[in-house]
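**Student:** To be precise about what I am sending: the file is called work22.pdb and holds PDB, C-alpha atoms and all ligand atoms.
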```pdb
ATOM      1  CA  MET A   1     115.469 102.913  83.033
ATOM      2  CA  ILE A   2     113.190 102.642  86.074
ATOM      3  CA  LYS A   3     111.574 105.917  87.131
ATOM      4  CA  LEU A   4     109.984 106.389  90.541
ATOM      5  CA  TYR A   5     107.685 109.353  91.118
ATOM      6  CA  VAL A   6     107.494 110.432  94.744
ATOM      7  CA  VAL A   7     106.419 113.314  96.964
ATOM      8  CA  PRO A   8     108.916 114.412  99.653
ATOM      9  CA  GLY A   9     107.930 113.098 103.080
ATOM     10  CA  SER A  10     105.443 110.601 101.595
ATOM     11  CA  ASN A  11     105.621 107.408 103.634
ATOM     12  CA  PRO A  12     104.473 105.006 100.872
ATOM     13  CA  SER A  13     106.939 106.674  98.488
ATOM     14  CA  MET A  14     109.636 105.761 100.994
ATOM     15  CA  SER A  15     108.343 102.146 101.033
ATOM     16  CA  ALA A  16     108.918 101.976  97.272
ATOM     17  CA  ARG A  17     112.390 103.495  97.612
ATOM     18  CA  LEU A  18     113.360 100.944 100.263
ATOM     19  CA  ALA A  19     112.154  98.075  98.062
ATOM     20  CA  LEU A  20     114.136  99.368  95.057
ATOM     21  CA  GLU A  21     117.236  99.700  97.198
ATOM     22  CA  HIS A  22     116.727  96.203  98.655
ATOM     23  CA  LYS A  23     116.778  94.845  95.095
ATOM     24  CA  SER A  24     119.814  97.022  94.222
ATOM     25  CA  LEU A  25     117.924  98.332  91.206
ATOM     26  CA  GLN A  26     119.149 101.523  89.563
ATOM     27  CA  TYR A  27     116.386 104.076  89.239
ATOM     28  CA  GLU A  28     115.710 107.718  88.664
ATOM     29  CA  ARG A  29     113.698 109.432  91.389
ATOM     30  CA  VAL A  30     111.373 112.236  90.353
ATOM     31  CA  ASP A  31     110.326 114.480  93.264
ATOM     32  CA  LEU A  32     106.935 116.090  92.770
ATOM     33  CA  ILE A  33     105.212 118.929  94.608
ATOM     34  CA  PRO A  34     102.229 117.652  96.613
ATOM     35  CA  THR A  35      98.820 118.232  94.983
ATOM     36  CA  ILE A  36     100.496 119.279  91.709
ATOM     37  CA  HIS A  37     101.669 115.657  91.586
ATOM     38  CA  MET A  38      98.122 114.473  90.900
ATOM     39  CA  ALA A  39      97.841 116.399  87.618
ATOM     40  CA  PHE A  40     101.433 115.513  86.727
ATOM     41  CA  LEU A  41     100.805 111.772  87.123
ATOM     42  CA  ARG A  42      97.670 111.912  84.981
ATOM     43  CA  LEU A  43      99.599 113.759  82.249
ATOM     44  CA  ALA A  44     102.350 111.138  82.509
ATOM     45  CA  GLY A  45      99.732 108.479  81.710
ATOM     46  CA  PHE A  46      99.158 106.969  85.162
ATOM     47  CA  PRO A  47      95.591 105.851  85.825
ATOM     48  CA  ALA A  48      95.404 107.132  89.413
ATOM     49  CA  ARG A  49      96.697 110.220  91.181
ATOM     50  CA  THR A  50      98.782 108.848  94.040
ATOM     51  CA  VAL A  51     102.485 108.301  94.640
ATOM     52  CA  PRO A  52     104.460 106.093  94.664
ATOM     53  CA  ALA A  53     104.188 105.684  90.900
ATOM     54  CA  LEU A  54     106.675 103.599  88.971
ATOM     55  CA  ARG A  55     107.612 103.381  85.290
ATOM     56  CA  ILE A  56     109.236 100.088  84.655
ATOM     57  CA  GLU A  57     109.998  98.623  81.244
ATOM     58  CA  GLY A  58     107.229 100.703  79.656
ATOM     59  CA  ALA A  59     104.622  99.650  82.252
ATOM     60  CA  ARG A  60     103.089 102.015  84.813
ATOM     61  CA  VAL A  61     102.581 100.735  88.332
ATOM     62  CA  GLN A  62     100.946 102.674  91.163
ATOM     63  CA  GLY A  63     100.454 102.025  94.852
ATOM     64  CA  SER A  64     103.074 100.794  97.290
ATOM     65  CA  LEU A  65     101.701  97.219  97.376
ATOM     66  CA  ALA A  66     101.668  96.928  93.583
ATOM     67  CA  VAL A  67     105.110  98.522  93.257
ATOM     68  CA  VAL A  68     106.649  95.971  95.631
ATOM     69  CA  ARG A  69     105.089  93.078  93.709
ATOM     70  CA  ALA A  70     106.260  94.454  90.347
ATOM     71  CA  LEU A  71     109.810  94.687  91.701
ATOM     72  CA  GLU A  72     109.622  91.153  93.107
ATOM     73  CA  GLU A  73     108.627  89.902  89.669
ATOM     74  CA  LEU A  74     111.296  91.923  87.876
ATOM     75  CA  ARG A  75     114.113  90.825  90.176
ATOM     76  CA  PRO A  76     113.216  87.916  92.486
ATOM     77  CA  GLU A  77     116.494  88.047  94.437
ATOM     78  CA  PRO A  78     116.880  89.086  97.174
ATOM     79  CA  PRO A  79     113.210  88.348  97.910
ATOM     80  CA  LEU A  80     110.781  90.760  99.558
ATOM     81  CA  PHE A  81     108.549  87.926 100.782
ATOM     82  CA  PRO A  82     109.441  84.767 102.709
ATOM     83  CA  ALA A  83     109.325  81.472 100.802
ATOM     84  CA  ASP A  84     107.295  79.602 103.439
ATOM     85  CA  PRO A  85     103.587  80.097 102.552
ATOM     86  CA  GLU A  86     102.386  80.498 106.168
ATOM     87  CA  VAL A  87     105.131  82.989 107.028
ATOM     88  CA  ARG A  88     104.389  84.836 103.791
ATOM     89  CA  ARG A  89     100.694  84.993 104.695
ATOM     90  CA  ARG A  90     101.569  86.711 107.985
ATOM     91  CA  VAL A  91     103.942  89.149 106.280
ATOM     92  CA  GLU A  92     101.289  90.040 103.691
ATOM     93  CA  GLU A  93      98.673  90.520 106.397
ATOM     94  CA  ALA A  94     100.975  92.912 108.281
ATOM     95  CA  GLU A  95     101.834  94.689 105.036
ATOM     96  CA  ARG A  96      98.131  95.169 104.166
ATOM     97  CA  TRP A  97      97.389  96.532 107.653
ATOM     98  CA  GLY A  98     100.401  98.836 107.318
ATOM     99  CA  GLU A  99      99.060 100.158 104.021
ATOM    100  CA  ALA A 100      95.369 100.473 104.845
ATOM    101  CA  VAL A 101      95.328 101.362 108.560
ATOM    102  CA  LEU A 102      98.740 102.646 109.651
ATOM    103  CA  GLN A 103      99.823 104.626 106.589
ATOM    104  CA  PRO A 104      97.072 107.308 106.777
ATOM    105  CA  ILE A 105      97.777 108.082 110.475
ATOM    106  CA  PRO A 106     101.142 109.897 110.132
ATOM    107  CA  ARG A 107      99.966 111.373 106.807
ATOM    108  CA  ARG A 108      96.994 113.019 108.548
ATOM    109  CA  LEU A 109      99.186 114.140 111.422
ATOM    110  CA  ALA A 110     101.806 115.663 109.093
ATOM    111  CA  TRP A 111      99.289 117.691 107.035
ATOM    112  CA  TRP A 112      97.437 118.785 110.166
ATOM    113  CA  ALA A 113     100.752 119.961 111.653
ATOM    114  CA  ILE A 114     102.021 121.637 108.472
ATOM    115  CA  ARG A 115      98.922 123.838 108.510
ATOM    116  CA  ARG A 116      99.992 125.123 111.932
ATOM    117  CA  GLU A 117     103.718 125.242 111.236
ATOM    118  CA  ARG A 118     104.448 126.021 107.603
ATOM    119  CA  LYS A 119     108.234 125.638 108.019
ATOM    120  CA  ALA A 120     107.732 121.890 108.559
ATOM    121  CA  LEU A 121     106.981 121.687 104.828
ATOM    122  CA  ARG A 122     110.447 122.999 104.039
ATOM    123  CA  SER A 123     112.027 120.419 106.342
ATOM    124  CA  PHE A 124     110.307 117.555 104.482
ATOM    125  CA  ALA A 125     111.681 118.851 101.171
ATOM    126  CA  GLU A 126     115.291 118.548 102.342
ATOM    127  CA  GLY A 127     117.263 116.538  99.771
ATOM    128  CA  ALA A 128     114.469 116.710  97.179
ATOM    129  CA  THR A 129     114.804 118.288  93.716
ATOM    130  CA  LEU A 130     111.593 120.195  93.108
ATOM    131  CA  HIS A 131     112.649 122.536  90.274
ATOM    132  CA  VAL A 132     111.137 125.557  92.070
ATOM    133  CA  PRO A 133     112.756 127.673  94.782
ATOM    134  CA  ILE A 134     111.707 126.011  98.037
ATOM    135  CA  GLY A 135     111.066 129.377  99.740
ATOM    136  CA  LEU A 136     108.571 130.279  97.011
ATOM    137  CA  ALA A 137     106.924 126.842  97.125
ATOM    138  CA  VAL A 138     106.470 127.055 100.898
ATOM    139  CA  HIS A 139     105.220 130.639 100.705
ATOM    140  CA  ALA A 140     102.588 129.742  98.100
ATOM    141  CA  ALA A 141     101.591 126.454  99.714
ATOM    142  CA  GLY A 142      98.368 127.605 101.454
ATOM    143  CA  PRO A 143      95.937 126.164  98.867
ATOM    144  CA  ILE A 144      97.987 122.949  98.645
ATOM    145  CA  ILE A 145      97.869 122.475 102.411
ATOM    146  CA  ARG A 146      94.106 123.078 102.519
ATOM    147  CA  PHE A 147      93.564 120.646  99.641
ATOM    148  CA  GLU A 148      95.700 117.911 101.223
ATOM    149  CA  ILE A 149      93.916 118.327 104.558
ATOM    150  CA  ARG A 150      90.564 117.869 102.801
ATOM    151  CA  THR A 151      91.809 114.953 100.694
ATOM    152  CA  HIS A 152      93.159 113.041 103.678
ATOM    153  CA  GLY A 153      90.508 114.079 106.204
ATOM    154  CA  ALA A 154      93.121 115.543 108.538
ATOM    155  CA  THR A 155      90.581 117.141 110.871
ATOM    156  CA  ASP A 156      91.068 117.939 114.567
ATOM    157  CA  ASP A 157      88.717 115.104 115.534
ATOM    158  CA  ARG A 158      90.463 112.566 113.356
ATOM    159  CA  VAL A 159      93.970 113.489 114.501
ATOM    160  CA  GLN A 160      92.823 113.424 118.121
ATOM    161  CA  ALA A 161      91.318 109.964 117.607
ATOM    162  CA  ASP A 162      94.562 108.788 115.943
ATOM    163  CA  LEU A 163      96.523 110.024 118.960
ATOM    164  CA  ARG A 164      94.165 108.328 121.429
ATOM    165  CA  ALA A 165      94.624 105.047 119.567
ATOM    166  CA  LEU A 166      98.388 105.498 119.121
ATOM    167  CA  PRO A 167      99.504 103.273 122.044
ATOM    168  CA  GLU A 168      97.400 100.426 120.629
ATOM    169  CA  THR A 169      98.662 101.064 117.086
ATOM    170  CA  LEU A 170     102.308 101.009 118.206
ATOM    171  CA  SER A 171     101.723  97.897 120.320
ATOM    172  CA  ARG A 172     100.411  96.098 117.274
ATOM    173  CA  ILE A 173     103.670  96.872 115.447
ATOM    174  CA  ASP A 174     105.754  95.841 118.452
ATOM    175  CA  ASP A 175     103.793  92.559 118.534
ATOM    176  CA  CYS A 176     104.665  91.976 114.869
ATOM    177  CA  ILE A 177     108.326  92.460 115.748
ATOM    178  CA  GLU A 178     108.044  90.213 118.796
ATOM    179  CA  GLY A 179     106.369  87.535 116.631
ATOM    180  CA  GLY A 180     109.173  87.718 114.042
ATOM    181  CA  VAL A 181     106.884  88.925 111.240
ATOM    182  CA  ILE A 182     108.962  92.094 110.820
ATOM    183  CA  GLY A 183     112.188  93.371 112.341
ATOM    184  CA  GLY A 184     114.380  90.446 111.280
ATOM    185  CA  ALA A 185     117.961  90.744 110.066
ATOM    186  CA  THR A 186     116.712  90.817 106.452
ATOM    187  CA  PRO A 187     113.752  93.174 106.018
ATOM    188  CA  ASN A 188     110.684  92.104 104.055
ATOM    189  CA  ALA A 189     107.809  93.910 102.308
ATOM    190  CA  ALA A 190     105.963  94.474 105.609
ATOM    191  CA  ASP A 191     109.058  96.079 107.180
ATOM    192  CA  PHE A 192     109.262  98.397 104.183
ATOM    193  CA  GLN A 193     105.562  99.258 104.423
ATOM    194  CA  ILE A 194     105.443  99.860 108.180
ATOM    195  CA  ALA A 195     108.820 101.456 109.014
ATOM    196  CA  PRO A 196     108.325 104.652 106.929
ATOM    197  CA  SER A 197     105.016 105.356 108.696
ATOM    198  CA  VAL A 198     106.599 104.929 112.132
ATOM    199  CA  ARG A 199     109.523 107.091 111.033
ATOM    200  CA  LEU A 200     107.151 109.809 109.823
ATOM    201  CA  LEU A 201     105.480 109.842 113.252
ATOM    202  CA  MET A 202     108.932 110.312 114.771
ATOM    203  CA  CYS A 203     109.335 113.571 112.823
ATOM    204  CA  SER A 204     107.031 115.089 115.439
ATOM    205  CA  GLU A 205     109.182 116.218 118.337
ATOM    206  CA  GLN A 206     106.229 115.577 120.662
ATOM    207  CA  LEU A 207     105.670 112.007 119.460
ATOM    208  CA  ARG A 208     109.269 110.982 118.992
ATOM    209  CA  PRO A 209     109.900 110.264 122.714
ATOM    210  CA  ARG A 210     106.809 108.023 122.774
ATOM    211  CA  VAL A 211     108.031 105.994 119.803
ATOM    212  CA  ALA A 212     111.822 106.066 119.586
ATOM    213  CA  GLU A 213     112.653 103.674 122.424
ATOM    214  CA  ARG A 214     110.009 101.115 121.486
ATOM    215  CA  PRO A 215     110.928  98.181 119.229
ATOM    216  CA  CYS A 216     108.981  99.824 116.363
ATOM    217  CA  GLY A 217     110.890 103.098 116.814
ATOM    218  CA  ARG A 218     114.223 101.324 116.808
ATOM    219  CA  LEU A 219     113.257  99.419 113.666
ATOM    220  CA  ALA A 220     112.214 102.626 111.884
ATOM    221  CA  ALA A 221     115.461 104.368 112.865
ATOM    222  CA  ARG A 222     117.501 101.352 111.685
ATOM    223  CA  LEU A 223     115.825 101.129 108.263
ATOM    224  CA  LEU A 224     115.499 104.889 107.750
ATOM    225  CA  PRO A 225     118.337 106.685 109.521
ATOM    226  CA  ASP A 226     118.101 109.715 107.209
ATOM    227  CA  PHE A 227     114.361 110.383 106.878
ATOM    228  CA  PRO A 228     113.910 114.173 106.493
ATOM    229  CA  GLY A 229     111.295 116.281 108.257
ATOM    230  CA  HIS A 230     110.740 118.023 111.563
ATOM    231  CA  ILE A 231     107.442 118.958 113.172
ATOM    232  CA  GLY A 232     107.613 121.260 116.187
ATOM    233  CA  PRO A 233     105.394 121.199 119.290
ATOM    234  CA  VAL A 234     102.109 122.079 117.556
ATOM    235  CA  LEU A 235      99.950 119.359 119.104
ATOM    236  CA  PRO A 236      97.833 120.617 122.010
ATOM    237  CA  PRO A 237      99.230 118.970 125.172
ATOM    238  CA  ALA A 238      95.695 117.857 126.133
ATOM    239  CA  TRP A 239      95.625 115.643 123.016
ATOM    240  CA  LEU A 240      98.697 113.839 124.248
ATOM    241  CA  ARG A 241      97.359 112.979 127.692
ATOM    242  CA  GLY A 242      95.852 109.630 128.415
TER     243      GLY A 242
HETATM  244  N1  LIG A 301      97.830 103.530 100.044
HETATM  245  C1  LIG A 301      98.361 103.977  98.790
HETATM  246  C2  LIG A 301      98.136 105.448  98.793
HETATM  247  C3  LIG A 301      99.221 106.360  98.507
HETATM  248  C4  LIG A 301      98.869 107.818  98.827
HETATM  249  O1  LIG A 301      97.794 108.160  99.337
HETATM  250  N2  LIG A 301      99.830 108.665  98.520
HETATM  251  C5  LIG A 301      99.647 110.060  98.802
HETATM  252  C6  LIG A 301     100.957 110.706  99.152
HETATM  253  S1  LIG A 301     101.586 110.020 100.662
HETATM  254  C7  LIG A 301      99.032 110.695  97.574
HETATM  255  O2  LIG A 301      99.544 110.563  96.489
HETATM  256  N3  LIG A 301      97.888 111.349  97.777
HETATM  257  C8  LIG A 301      97.118 111.952  96.741
HETATM  258  C9  LIG A 301      95.679 111.501  96.788
HETATM  259  O3  LIG A 301      95.270 110.849  97.763
HETATM  260  O4  LIG A 301      94.958 111.797  95.841
HETATM  261  C10 LIG A 301      99.779 103.457  98.614
HETATM  262  O5  LIG A 301     100.282 102.782  99.512
HETATM  263  O6  LIG A 301     100.385 103.658  97.567
END
```
Any chance you could give the structure as structure tokens?
Ligand SMILES: N[C@@H](CCC(=O)N[C@@H](CS)C(=O)NCC(=O)O)C(=O)O
**Tutor:**
Amino acid sequence: MIKLYVVPGSNPSMSARLALEHKSLQYERVDLIPTIHMAFLRLAGFPARTVPALRIEGARVQGSLAVVRALEELRPEPPLFPADPEVRRRVEEAERWGEAVLQPIPRRLAWWAIRRERKALRSFAEGATLHVPIGLAVHAAGPIIRFEIRTHGATDDRVQADLRALPETLSRIDDCIEGGVIGGATPNAADFQIAPSVRLLMCSEQLRPRVAERPCGRLAARLLPDFPGHIGPVLPPAWLRG
């Protein structure tokens, strides 16, 4: 049995889920509480502390890029990468950018926002099985939120800089769609890496109107119609000007 360890609202966890579904692989999803998940994964024998983490035929695989490649090896059809080497190179380049540059942006934004609006945490847990009453988890989440903010460097300055660069970031994704690297009829590994991050941005009611009608917003909504999570208007309006 394949087991996928995730954290609710985690964008790379969603990348792994999309890849498993693309391959029509049966799997058990284990929802973990953020921060606690790090100790849990170590106890479960994983070498690192991040989700997504996958147990597959006795092996342990961690990191969204590695998970996708393990699934491709396990079940080559339908593929997650194009057969043409040049097209594949472009897909892998977009996927790497999605993982290294794009992925941390909505993660920082979400933790920054959750600190100001605790009920957002509850909204991300919708549909997850956490084995603790959600009201209690949210009530006791102060230390978790502070830890996650430190871990991911979700400072005011950083979030403001992310927002200033957002038009450029979204344009880069729209260019990938325009160039046919992502957004095709059959999604590839770069679609699955990038779409969850765009969709997580769209959980912010202030950012959603800036994203939803763009090609990247439409792609994210198509691939992830049911992504949970709602962040209210916590961003200072001055950060959104420009
Ligand atoms: N870029 C990696 C990182 C994944 C990552 O940072 N996951 C977060 C949850 S969204 C996590 O587990 N954070 C704990 C930590 O950074 O120690 C990937 O794509 O798998």
**Student:** Taking all atoms listed in the file into account, which residues have an atom no farther than 8 Å from ligand LIG 301 (chain A)? I'd like them as a ChimeraX atom specification.
**Tutor:** /A:6-7,9-13,34-35,37-38,48-53,62-66,99-100,103-104,107,148,151-152
**Student:** Which neighbours of range 174-181 of chain A fall inside 6 Å, counting only C-alpha atoms, when residues of the same chain fewer than 4 positions from it are skipped, and could you give them as a list in words?
**Tutor:** Val91, Pro215 and Cys216 of chain A
**Student:** Env of Val159 in chain A: 7 Å cut, atoms = all atoms listed in the file, seq-sep filter 5 positions within chain, self excluded. Answer as a list in words.
**Tutor:**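 Near Val159 in chain A, the qualifying residues are Arg108, Leu109 and Ala154 of chain A.
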**Student:** On this file, the PyMOL selection byres (((chain A and resi 87) around 12) and not hetatm) gives some set of residues; write that set as a list in words.
**Tutor:** Phe81, Pro82, Ala83, Asp84, Pro85, Glu86, Arg88, Arg89, Arg90, Val91, Glu92, Glu93, Ala94, Cys176, Gly179, Gly180, Val181, Ile182, Asn188 and Ala190 of chain A
**Student:** Using all atoms listed in the file for the distances, tell me which of A:Ala113, A:Cys203, A:Met14, A:Leu80 is nearest to Arg146 in chain A.
**Tutor:**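 Of A:Ala113, A:Cys203, A:Met14, A:Leu80, the one nearest Arg146 in chain A is A:Ala113, counting all atoms listed in the file.
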**Student:** Have a look at A:Ile114, A:Ala195, A:Ala70, A:Ala16 and name the one nearest to Ile144 in chain A; count all atoms listed in the file.
**Tutor:**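 Among the listed residues, A:Ile114 lies closest to Ile144 in chain A.
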**Student:** Tell me which of A:Phe147, A:Thr169, A:Leu18, A:Trp239 sits closest to Pro225 in chain A, counting all atoms listed in the file.
**Tutor:**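 Closest candidate: A:Leu18.
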**Student:** Which polymer residues have any atom within 7 Å of an atom of Ile149 in chain A, counting all atoms listed in the file, with same-chain residues fewer than 4 positions away left out, as an NGL selection string?
**Tutor:** :A and (111-112 or 145 or 153-154)
**Student:** Could you tell me how far CA of Val30 in chain A lies from CA of Val68 in chain A, in Å and to one decimal?
**Tutor:**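 According to the coordinates, CA of Val30 in chain A and CA of Val68 in chain A are separated by 17.7 Å.
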**Student:** Between A:Pro236, A:Pro47, A:Gly127, A:Gly183, which is the closest to Arg222 in chain A once you count only C-alpha atoms?
**Tutor:**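 Between A:Pro236, A:Pro47, A:Gly127, A:Gly183, the residue approaching Arg222 in chain A most closely is A:Gly183.
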